[in-house]
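This report refers to the structure that appears directly beneath it.
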Amino acid sequence: MTVPTDQHKELKKDVTFRIFRFNPQVDSKPYFDDYTIPVERGITVLRSLNYIKEHIDASISFRAFCQAGICGSCGMRINGLSQLACTTQVWDVLVKSKEPGVIKVEPLRNLPLIKDLIVDMDPLVGKMKHYSNWIESTMPESSMGKKEFLVSEEEFLRYDKATDCILCASCVSECSILRANKEYVSPAVLLKSYRMNADSRDALHEQRLAELVKDHGVWDCTHCYRCQETCVKSIPIMDAIHGIREDAIENRGMKDTSGSKHAEAFMTDIAKKGKLVEATLPIRTNGVIWTLQNLVPMAAKMIMKRRTPPPPPLVKSAKGIKTFREMFKEMTEHVKQDHKSHKK
Amino acid sequence: MKPFDIVIVGGGGAGLYAAMEAMKTNPSLNIAVLSKVYPNRSHTSAAQGGANAALANKAKDDTVEMHIFDTIKGSDYLADQDAVDVLCSEAPKIIRELDNIGTPWSRMPDNTIAQRPFGGAGRPRCCYCADKTGHTILQTLYEQCLKKGVIFFNEYFALSLSVKGSRSRGLIAMNMKSGKIEAFPARTVILATGGYAKMYWNRSSNAAGNTGDGQAIAYRAGIPMKDMEFVQFHPTGLRKSGLLVTEGARGEGGYLINKDGERFMARYAKEKMELGPRDLVSRSLETEILEGRGFDSPAGKYLHLDLTHLGADLIKSRLPQIREMSMQFEGVDPIEEPIPVRPTAHYSMGGVDTDNFTRTVMDGVYAAGECGCVSVHGANRLGGNSLLDILVFGRIAGHTAAQEAGKFEPGNISEGELTAQYDDIRSFMHSSGHYERYGELREELGQTLGTNVGIFREASLLKKGIQDIAELKERFKKVRVFDTSDVFNTNLMQVLELRNMLDLAETVAAGAYAREESRGSHTRTDFPVRDDAKWHKHTLATQVNGKLALSEKSVTMGRYELQERTY
Ligand SMILES: Cc1cc2nc3c(=O)[nH]c(=O)nc-3n(C[C@H](O)[C@H](O)[C@H](O)COP(=O)(O)OP(=O)(O)OC[C@H]3O[C@@H](n4cnc5c(N)ncnc54)[C@H](O)[C@@H]3O)c2cc1C
Ligand code: SF4
Ligand code: SF4
Ligand code: FES
């Protein structure tokens, strides 16, 4: 076994970081500052930012804590994509730069800007509260600590992936609906809600679901898949969103009023094909004009950035399709009535 | 502001458990949690391995008593035995309670909480959730606190206790979003700000903010620090960042190689090779580097952790996380090249001196978690015992403070006190006489600690370390905060953190210099053996009139007599 001593060739490249700047105390509008530094292989974007802050301009403001991709502090847009600065290699993103040798760094979108690369996370926490993103234990507090719940491995696996979420808000930043509607529940909160609902120890299932099907809730999602493609922990967020929708139809289908427009779209698909054709859903739930305005430009941009375009219309065989069909008739009636009462 | 009954500083596992328990103990109390980062970002999330508890789900013959013995032996007999009793007997209850409120533990085939073996434990008693135990515990506690309506002051940086005589009147903190200095008059304050191992800077596995703020606040208020010289090193940190490559890599058959291509562990542990105990492997790596057999790089000297011979399949299937980390943080794919590593400072055993109820010597001030030192870890903590510590003693802190809050009056924190702090902070921004760069000081502090107060210690090195720290403290007086804005001034925050690290570094170095023996994580090459006659005692470091004073405190013994620690 021989290892040459100079195995780690410390090649360096000059890289320009074009950083979004905004200090609410002095700036009337944001601008960009360029900083050029030599970067060797193996250096992350966060380390480069730290270097710039320590050696060139101490006033650049960004959040970072663990530096290990686990705390979720350092979410920002790097060359147009929301991701963690601490796990992103400079040389890797350099390949995707529009202007050679330049990396653009901007704050996350869809959350209020505080300063430079720092956005306000409070709205997200507010939504976690609104959708009761916690377990309301079926066990009374007085009996706690004495006995474990018995939970099957199968149940654990149902929400295992969802508990990987580090609340970095990268998905929030990329969500196409949030850009149009800041009150929208948010992908990360849908994910957490799903995780809570899937837990047998929880007693809030019904209540949480009732909130999720209201306006700005689960039915507003356009299934654009941006969140899932973005997720820094590769969590299949869409599975969670499907999960909540199926759950809603199964458990509340007939009771719903507010989600009816969406339910209608959902049901047409089921009735026609017995399958969900996700790609057509946004058009029907939000209208053609909305879709054209919001989704088409985004899809075009995605192709320009050579990102994977959204996956082909997901044709997923719906679980319990028989029940759906049976419910369908009843629901169509319900939706019709709902429409009538709205018109009155 | 309306006075608080309890102000908790820190939103990690210790702080959040304290908040939850205090709300439970007395729901009518006015409780606030202050944290410099959103609670879910706290460093508790980094703990992968798990938390120990003798649930006997896996090994049916496991007992609390065995857990107690393992902990005391692991501590090299420096832990207080009554405190260890509390830690281990409360453990099963805590783990079950966490389960009851929704922690997603991994499961055994019989649907009970899963357990696995961990270093230094006689039975497999480490409860885990895949490789994200700390993360899921922290999430669960945060969720429960949101549910209970705990009032959070997120991104508030605690500056000091407001002290009158021997009493605390509450806390003074800076609101990061506005830059305002705000008063938190309070009957009780719980310090739960985590560890101080980040003072080793690039040679630390810790988060950037593990700068011992709570300890420094207590220290400057005259509260003693205990056993500060005990800092645990992990053998394999990544060269550039200090981040951990877990034991798994060596467990699967990874080799440690020096620049001559040798598997050098043969020199130190012929039988066990790479799988020797953590402290021994750390010392071996350090020796190789010291004796000139390390690789050179701008980021410092290092060795190779070679996995290439294991093959792509095994690395991909068994060590995917380690592969991802190496690629993300070093740009190295371990399938093709060895991983550059060196020992890294990992955990601080020392902290604010408390009794078994987390009380400090100051009325109404408590400390818990890695910030406090009860002491349950003594000279060396066992893997999986630290999460347990923060949960058990976080809970006790919340309970005790809730019960005792009525005993203390919240004081009045005057406007003048706030203005003084503001002026003090602003003085760093003056251009005249302020030119030192904090980044340099921080780097140099890490270097001198790593070299002179690191794994191997010796009188002459320690003297040099103490001198370096004193010089850095002098230079710090001239440090410049270049960002003069009020809103989210991270430059200022980092300078304040550096001040805390410098104050504490002095206590670590002084403790290490005084302790003329080798025990647990503290290795003196000039005093290579444990000296129970002289040193079976805790070190206390107290600030008296602005100067550091060392004293001692006896170790509480119990059922277990002193023995040699062999494995
Ligand atoms: C990589 C790694 C792996 C680990 N693995 C394990 C393991 O497997 N098992 C185990 O038992 N232990 C493990 N540990 C140790 C364990 O994770 C920590 O000891 C423990 O999580 C500390 O918890 P805490 O609540 O005391 O502090 P932390 O979680 O560090 O929280 C500190 C809190 O204080 C706040 N704070 C700090 N300063 C201020 C200030 N000035 N103002 C306001 N707020 C402030 C922070 O915002 C934070 O919320 C590991 C540690 C590391 C570094
Ligand atoms: S799939 Fe839904 S939640 Fe995800 S980004 Fe698109 S609209 Fe947002
Ligand atoms: S779902 Fe993924 S991208 Fe979204 S906040 Fe969680 S970890 Fe980040
Ligand atoms: S700094 Fe924690 S995730 Fe990047």
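Convention: chains lettered A, B, ... in structure tokens order; per-chain residue numbering from 1; ligands numbered from 1 as shown.
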
Can you check which residues of region 45-276 of chain B DSSP gives as strand (DSSP E) on the backbone and send them as an MDAnalysis selection string? chainID B and resid 51:52 115:116 126:127 151:154 156:164 167:175 181:191 225:226 231:238 255:257

Which polymer residues have any atom within 10 Å of an atom of region 22-31 of chain A, counting only C-alpha atoms, with same-chain residues fewer than 3 positions away left out, as a short mmCIF file (atom, residue, chain, number, x, y, z; two decimals) with N, CA, C and O atoms, in the first residue's frame?
data_model
loop_
_atom_site.label_atom_id
_atom_site.label_comp_id
_atom_site.auth_asym_id
_atom_site.auth_seq_id
_atom_site.Cartn_x
_atom_site.Cartn_y
_atom_site.Cartn_z
N ARG A 18 -20.74 37.07 -6.05
CA ARG A 18 -21.57 38.25 -6.26
C ARG A 18 -22.68 38.20 -5.23
O ARG A 18 -23.64 37.43 -5.35
N ILE A 19 -22.53 38.99 -4.16
CA ILE A 19 -23.39 38.82 -2.99
C ILE A 19 -24.46 39.90 -2.88
O ILE A 19 -24.17 41.09 -2.99
N SER A 59 -18.87 43.22 7.18
CA SER A 59 -20.28 43.61 7.34
C SER A 59 -21.25 42.68 6.60
O SER A 59 -22.46 42.79 6.77
N ILE A 60 -20.72 41.76 5.79
CA ILE A 60 -21.62 40.82 5.10
C ILE A 60 -22.32 39.97 6.15
O ILE A 60 -21.68 39.39 7.01
N SER A 61 -23.65 39.92 6.08
CA SER A 61 -24.38 39.19 7.12
C SER A 61 -25.09 37.97 6.57
O SER A 61 -25.81 38.04 5.58
N LEU A 113 -37.24 39.69 4.11
CA LEU A 113 -35.81 39.95 4.18
C LEU A 113 -35.48 40.77 5.43
O LEU A 113 -36.18 41.72 5.75
N ILE A 114 -34.43 40.39 6.14
CA ILE A 114 -33.98 41.19 7.28
C ILE A 114 -32.76 42.01 6.89
O ILE A 114 -32.73 43.22 7.00
N LYS A 115 -31.72 41.31 6.43
CA LYS A 115 -30.49 42.00 6.05
C LYS A 115 -29.64 41.05 5.19
O LYS A 115 -29.55 39.86 5.52
N ASP A 116 -29.03 41.55 4.15
CA ASP A 116 -28.18 40.75 3.27
C ASP A 116 -28.79 39.36 2.96
O ASP A 116 -29.80 39.29 2.29
N LEU A 117 -28.16 38.31 3.52
CA LEU A 117 -28.63 36.96 3.19
C LEU A 117 -29.55 36.40 4.28
O LEU A 117 -29.84 35.21 4.30
N ILE A 118 -29.98 37.26 5.19
CA ILE A 118 -30.77 36.79 6.33
C ILE A 118 -32.25 37.11 6.13
O ILE A 118 -32.62 38.25 5.90
N SER B 485 -23.67 48.60 11.94
CA SER B 485 -25.14 48.65 11.92
C SER B 485 -25.74 47.98 13.15
O SER B 485 -25.10 47.20 13.84
N ASP B 486 -26.99 48.31 13.41
CA ASP B 486 -27.69 47.72 14.54
C ASP B 486 -28.35 46.40 14.16
O ASP B 486 -28.38 45.47 14.93
N VAL B 487 -28.90 46.39 12.94
CA VAL B 487 -29.68 45.22 12.52
C VAL B 487 -28.78 44.02 12.25
O VAL B 487 -27.86 44.08 11.45
N PHE B 488 -29.06 42.95 12.94
CA PHE B 488 -28.38 41.67 12.75
C PHE B 488 -26.89 41.80 12.51
O PHE B 488 -26.37 41.45 11.45
#

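Every chain A residue lying within 6 Å of chain B, based on only C-alpha atoms, is listed here: Thr2, Val3, Thr5, Gly42, Glu54, Ala58, Ser59, Phe65, Cys66, Cys71, Thr87, Trp134, Ile135, Ser137, Met144, Gly145, Glu148, Leu150, Val151, Ser152 and Glu153 of chain A.
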
Save out the residues we just selected, N, CA, C and O atoms, as a PDB file, in the first residue's frame.
ATOM      1  N   THR A   2       0.830   2.011  -1.037  1.00  0.00           N
ATOM      2  CA  THR A   2       1.617   3.248  -1.064  1.00  0.00           C
ATOM      3  C   THR A   2       0.702   4.435  -1.312  1.00  0.00           C
ATOM      4  O   THR A   2      -0.225   4.371  -2.097  1.00  0.00           O
ATOM      5  N   VAL A   3       0.990   5.454  -0.585  1.00  0.00           N
ATOM      6  CA  VAL A   3       0.212   6.670  -0.778  1.00  0.00           C
ATOM      7  C   VAL A   3       1.173   7.802  -1.084  1.00  0.00           C
ATOM      8  O   VAL A   3       2.017   8.137  -0.259  1.00  0.00           O
ATOM      9  N   THR A   5       2.733  11.367  -1.228  1.00  0.00           N
ATOM     10  CA  THR A   5       2.561  12.416  -0.229  1.00  0.00           C
ATOM     11  C   THR A   5       1.750  13.599  -0.742  1.00  0.00           C
ATOM     12  O   THR A   5       1.082  14.272   0.010  1.00  0.00           O
ATOM     13  N   GLY A  42     -12.476  21.495  -2.555  1.00  0.00           N
ATOM     14  CA  GLY A  42     -12.889  21.013  -1.247  1.00  0.00           C
ATOM     15  C   GLY A  42     -13.453  22.104  -0.354  1.00  0.00           C
ATOM     16  O   GLY A  42     -13.836  21.843   0.775  1.00  0.00           O
ATOM     17  N   GLU A  54     -14.203  37.483   7.187  1.00  0.00           N
ATOM     18  CA  GLU A  54     -13.065  37.684   8.084  1.00  0.00           C
ATOM     19  C   GLU A  54     -11.976  38.566   7.469  1.00  0.00           C
ATOM     20  O   GLU A  54     -11.306  39.302   8.177  1.00  0.00           O
ATOM     21  N   ALA A  58     -16.269  42.658   6.770  1.00  0.00           N
ATOM     22  CA  ALA A  58     -16.898  42.066   7.960  1.00  0.00           C
ATOM     23  C   ALA A  58     -18.388  42.359   8.050  1.00  0.00           C
ATOM     24  O   ALA A  58     -19.082  41.806   8.898  1.00  0.00           O
ATOM     25  N   SER A  59     -18.872  43.221   7.184  1.00  0.00           N
ATOM     26  CA  SER A  59     -20.281  43.608   7.336  1.00  0.00           C
ATOM     27  C   SER A  59     -21.247  42.682   6.603  1.00  0.00           C
ATOM     28  O   SER A  59     -22.455  42.786   6.772  1.00  0.00           O
ATOM     29  N   PHE A  65     -24.267  27.995  11.566  1.00  0.00           N
ATOM     30  CA  PHE A  65     -24.059  27.529  12.936  1.00  0.00           C
ATOM     31  C   PHE A  65     -23.274  26.216  12.950  1.00  0.00           C
ATOM     32  O   PHE A  65     -22.098  26.207  13.225  1.00  0.00           O
ATOM     33  N   CYS A  66     -23.912  25.123  12.566  1.00  0.00           N
ATOM     34  CA  CYS A  66     -23.268  23.812  12.707  1.00  0.00           C
ATOM     35  C   CYS A  66     -22.152  23.611  11.680  1.00  0.00           C
ATOM     36  O   CYS A  66     -21.214  22.879  11.928  1.00  0.00           O
ATOM     37  N   CYS A  71     -28.089  21.833  11.018  1.00  0.00           N
ATOM     38  CA  CYS A  71     -28.896  22.774  11.807  1.00  0.00           C
ATOM     39  C   CYS A  71     -29.884  23.569  10.954  1.00  0.00           C
ATOM     40  O   CYS A  71     -30.853  24.115  11.456  1.00  0.00           O
ATOM     41  N   THR A  87     -22.935  22.865   2.779  1.00  0.00           N
ATOM     42  CA  THR A  87     -22.718  21.556   2.150  1.00  0.00           C
ATOM     43  C   THR A  87     -22.507  21.701   0.644  1.00  0.00           C
ATOM     44  O   THR A  87     -22.470  20.713  -0.073  1.00  0.00           O
ATOM     45  N   TRP A 134     -47.193  19.348  16.115  1.00  0.00           N
ATOM     46  CA  TRP A 134     -46.651  18.639  17.275  1.00  0.00           C
ATOM     47  C   TRP A 134     -47.528  17.441  17.547  1.00  0.00           C
ATOM     48  O   TRP A 134     -48.639  17.343  17.022  1.00  0.00           O
ATOM     49  N   ILE A 135     -47.003  16.547  18.382  1.00  0.00           N
ATOM     50  CA  ILE A 135     -47.819  15.404  18.798  1.00  0.00           C
ATOM     51  C   ILE A 135     -48.621  15.821  20.028  1.00  0.00           C
ATOM     52  O   ILE A 135     -48.061  16.336  20.996  1.00  0.00           O
ATOM     53  N   SER A 137     -50.236  14.045  22.672  1.00  0.00           N
ATOM     54  CA  SER A 137     -50.159  12.634  23.044  1.00  0.00           C
ATOM     55  C   SER A 137     -51.508  12.091  23.494  1.00  0.00           C
ATOM     56  O   SER A 137     -52.279  12.774  24.169  1.00  0.00           O
ATOM     57  N   MET A 144     -47.144   9.924  32.118  1.00  0.00           N
ATOM     58  CA  MET A 144     -45.956   9.855  31.270  1.00  0.00           C
ATOM     59  C   MET A 144     -44.703   9.427  32.020  1.00  0.00           C
ATOM     60  O   MET A 144     -44.572   9.664  33.202  1.00  0.00           O
ATOM     61  N   GLY A 145     -43.801   8.809  31.279  1.00  0.00           N
ATOM     62  CA  GLY A 145     -42.510   8.404  31.838  1.00  0.00           C
ATOM     63  C   GLY A 145     -42.517   7.008  32.418  1.00  0.00           C
ATOM     64  O   GLY A 145     -41.488   6.477  32.788  1.00  0.00           O
ATOM     65  N   GLU A 148     -43.505   2.748  27.795  1.00  0.00           N
ATOM     66  CA  GLU A 148     -43.330   3.139  26.395  1.00  0.00           C
ATOM     67  C   GLU A 148     -44.597   2.824  25.624  1.00  0.00           C
ATOM     68  O   GLU A 148     -45.314   1.890  25.949  1.00  0.00           O
ATOM     69  N   LEU A 150     -45.941   1.127  22.271  1.00  0.00           N
ATOM     70  CA  LEU A 150     -45.385   0.149  21.350  1.00  0.00           C
ATOM     71  C   LEU A 150     -45.646   0.670  19.940  1.00  0.00           C
ATOM     72  O   LEU A 150     -46.779   0.960  19.573  1.00  0.00           O
ATOM     73  N   VAL A 151     -44.580   0.847  19.200  1.00  0.00           N
ATOM     74  CA  VAL A 151     -44.698   1.382  17.843  1.00  0.00           C
ATOM     75  C   VAL A 151     -43.992   0.421  16.905  1.00  0.00           C
ATOM     76  O   VAL A 151     -42.861   0.010  17.177  1.00  0.00           O
ATOM     77  N   SER A 152     -44.659   0.034  15.832  1.00  0.00           N
ATOM     78  CA  SER A 152     -44.046  -0.940  14.925  1.00  0.00           C
ATOM     79  C   SER A 152     -42.994  -0.248  14.064  1.00  0.00           C
ATOM     80  O   SER A 152     -43.071   0.946  13.799  1.00  0.00           O
ATOM     81  N   GLU A 153     -42.029  -1.047  13.629  1.00  0.00           N
ATOM     82  CA  GLU A 153     -40.998  -0.554  12.716  1.00  0.00           C
ATOM     83  C   GLU A 153     -41.672  -0.012  11.453  1.00  0.00           C
ATOM     84  O   GLU A 153     -41.249   0.994  10.880  1.00  0.00           O
TER      85      GLU A 153
END

Rows by chain and residue number, chain A within 12 Å of ligand 3, shortest pair, only C-alpha atoms and all ligand atoms, as CSV:
residue,atom,partner,partner_atom_place_in_ligand_line,distance
A:Gly69,CA,ligand 3,7 (S),9.7
A:Ile70,CA,ligand 3,7 (S),9.1
A:Cys71,CA,ligand 3,7 (S),9.6
A:Gly72,CA,ligand 3,8 (Fe),6.9
A:Ser73,CA,ligand 3,8 (Fe),9.9
A:Cys74,CA,ligand 3,8 (Fe),10.4
A:Gly75,CA,ligand 3,8 (Fe),8.0
A:Met76,CA,ligand 3,8 (Fe),10.9
A:Leu81,CA,ligand 3,3 (S),11.3
A:Ser82,CA,ligand 3,3 (S),8.4
A:Gln83,CA,ligand 3,3 (S),7.7
A:Leu84,CA,ligand 3,8 (Fe),8.7
A:Leu108,CA,ligand 3,3 (S),11.3
A:Met121,CA,ligand 3,5 (S),11.0
A:Leu124,CA,ligand 3,5 (S),9.7
A:Val125,CA,ligand 3,5 (S),11.4
A:Met128,CA,ligand 3,5 (S),11.7
A:Lys161,CA,ligand 3,1 (S),9.9
A:Ala162,CA,ligand 3,1 (S),7.7
A:Thr163,CA,ligand 3,6 (Fe),8.7
A:Asp164,CA,ligand 3,7 (S),6.6
A:Cys165,CA,ligand 3,6 (Fe),3.7
A:Ile166,CA,ligand 3,7 (S),4.5
A:Leu167,CA,ligand 3,5 (S),3.6
A:Cys168,CA,ligand 3,8 (Fe),4.1
A:Ala169,CA,ligand 3,5 (S),4.0
A:Ser170,CA,ligand 3,3 (S),4.4
A:Cys171,CA,ligand 3,4 (Fe),4.2
A:Val172,CA,ligand 3,4 (Fe),6.3
A:Ser173,CA,ligand 3,3 (S),8.7
A:Glu174,CA,ligand 3,3 (S),9.0
A:Cys175,CA,ligand 3,4 (Fe),9.8
A:Ser186,CA,ligand 3,4 (Fe),8.9
A:Pro187,CA,ligand 3,4 (Fe),6.6
A:Ala188,CA,ligand 3,1 (S),4.6
A:Val189,CA,ligand 3,1 (S),8.3
A:Leu190,CA,ligand 3,1 (S),9.0
A:Leu191,CA,ligand 3,1 (S),6.8
A:Lys192,CA,ligand 3,1 (S),8.5
A:Ser193,CA,ligand 3,1 (S),11.6
A:Tyr194,CA,ligand 3,1 (S),11.8
A:Arg195,CA,ligand 3,1 (S),11.6
A:Tyr225,CA,ligand 3,3 (S),11.9
A:Arg226,CA,ligand 3,3 (S),10.0
A:Cys227,CA,ligand 3,3 (S),6.7
A:Gln228,CA,ligand 3,2 (Fe),7.4
A:Glu229,CA,ligand 3,3 (S),8.7
A:Thr230,CA,ligand 3,3 (S),6.0
A:Cys231,CA,ligand 3,3 (S),3.5
A:Val232,CA,ligand 3,3 (S),4.9
A:Lys233,CA,ligand 3,7 (S),5.1
A:Ser234,CA,ligand 3,2 (Fe),6.6
A:Ile235,CA,ligand 3,2 (Fe),6.0
A:Pro236,CA,ligand 3,1 (S),8.4
A:Ile237,CA,ligand 3,1 (S),6.6
A:Met238,CA,ligand 3,1 (S),10.1
A:Asp239,CA,ligand 3,1 (S),11.8
A:Ala240,CA,ligand 3,1 (S),10.4
A:Ile241,CA,ligand 3,1 (S),11.6

Now that the selection is made, can you save its residues with C-alpha atoms as a short mmCIF file (atom, residue, chain, number, x, y, z; two decimals), in the first residue's frame?
data_model
loop_
_atom_site.label_atom_id
_atom_site.label_comp_id
_atom_site.auth_asym_id
_atom_site.auth_seq_id
_atom_site.Cartn_x
_atom_site.Cartn_y
_atom_site.Cartn_z
CA GLY A 69 -25.59 20.43 7.14
CA ILE A 70 -27.62 19.56 10.21
CA CYS A 71 -28.90 22.77 11.81
CA GLY A 72 -30.57 24.33 8.75
CA SER A 73 -29.26 27.87 9.40
CA CYS A 74 -27.41 28.54 6.17
CA GLY A 75 -30.12 28.16 3.52
CA MET A 76 -29.56 30.68 0.71
CA LEU A 81 -30.98 27.59 -6.38
CA SER A 82 -31.95 27.43 -2.72
CA GLN A 83 -29.54 25.19 -0.84
CA LEU A 84 -27.26 24.98 2.20
CA LEU A 108 -34.05 32.75 0.33
CA MET A 121 -38.07 32.63 9.88
CA LEU A 124 -42.65 29.62 9.10
CA VAL A 125 -42.74 29.03 12.86
CA MET A 128 -46.03 25.32 12.31
CA LYS A 161 -37.82 10.28 6.25
CA ALA A 162 -40.12 13.18 7.16
CA THR A 163 -38.31 13.63 10.48
CA ASP A 164 -35.10 14.33 8.53
CA CYS A 165 -36.38 17.86 7.87
CA ILE A 166 -34.05 20.50 9.32
CA LEU A 167 -36.37 23.46 8.60
CA CYS A 168 -33.83 25.13 6.35
CA ALA A 169 -36.66 26.65 4.29
CA SER A 170 -34.99 25.91 0.95
CA CYS A 171 -38.20 24.28 -0.24
CA VAL A 172 -40.18 27.25 1.05
CA SER A 173 -37.98 29.52 -1.02
CA GLU A 174 -38.65 27.55 -4.21
CA CYS A 175 -42.38 26.94 -3.76
CA SER A 186 -45.64 25.78 2.85
CA PRO A 187 -44.12 22.47 1.82
CA ALA A 188 -42.12 21.98 5.02
CA VAL A 189 -45.24 22.48 7.14
CA LEU A 190 -47.21 20.05 4.99
CA LEU A 191 -44.40 17.56 5.50
CA LYS A 192 -44.46 18.01 9.26
CA SER A 193 -48.24 17.83 9.34
CA TYR A 194 -48.12 14.57 7.45
CA ARG A 195 -45.55 13.22 9.88
CA TYR A 225 -42.46 19.24 -7.51
CA ARG A 226 -40.12 22.16 -6.92
CA CYS A 227 -40.02 21.53 -3.19
CA GLN A 228 -39.07 17.91 -3.55
CA GLU A 229 -36.40 18.65 -6.13
CA THR A 230 -34.96 21.30 -3.86
CA CYS A 231 -35.05 19.49 -0.54
CA VAL A 232 -31.55 19.47 0.90
CA LYS A 233 -32.28 16.21 2.69
CA SER A 234 -33.82 14.52 -0.36
CA ILE A 235 -37.12 14.02 1.42
CA PRO A 236 -39.97 12.88 -0.86
CA ILE A 237 -42.18 15.81 0.15
CA MET A 238 -44.72 15.01 -2.55
CA ASP A 239 -45.46 11.67 -0.95
CA ALA A 240 -46.44 13.58 2.16
CA ILE A 241 -48.65 15.94 0.18
#

Identify, counting only C-alpha atoms and all ligand atoms, the protein, DNA and RNA residues located within 7 Å of ligand 1, and give them as JSON, numbers by chain. {"B": [9, 10, 11, 12, 13, 14, 15, 34, 35, 36, 37, 38, 39, 41, 42, 43, 44, 45, 46, 47, 48, 49, 50, 51, 134, 156, 157, 158, 159, 192, 193, 194, 195, 205, 206, 209, 210, 212, 213, 214, 243, 244, 346, 347, 368, 369, 370, 371, 383, 384, 385, 386, 387, 388, 390]}

Quick one: pull the distance between CA of Gln467 (chain B) and CA of Arg342 (chain B), Å, one decimal.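 Taking CA of Gln467 (chain B) as the start and CA of Arg342 (chain B) as the end point, the length is 25.4 Å.
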
Using only C-alpha atoms and all ligand atoms, can you tell me which of A:Ala64, A:Asn197, A:Ile78, A:Val105 comes closest to ligand 4?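 Using only C-alpha atoms and all ligand atoms, ligand 4 sits closest to A:Ala64.
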
Given the choices A:Cys86, A:Ile244, A:Val45, A:Ile37, which gets closest to ligand 4 if the distance is worked out from only C-alpha atoms and all ligand atoms?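 With only C-alpha atoms and all ligand atoms as the atom set, the closest residue is A:Cys86.
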
Those in region 215-365 of chain B with helix (DSSP H, G or I) from DSSP, as number ranges by chain: B: 215-220, 248-251, 265-268, 273-275, 278-290, 308-318, 320-330

Atomic distance CA of Leu285 (chain B) - CA of Ala509 (chain B), expressed in Å with one decimal: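 So the two atoms, CA of Leu285 (chain B) and CA of Ala509 (chain B), lie 22.0 Å apart.
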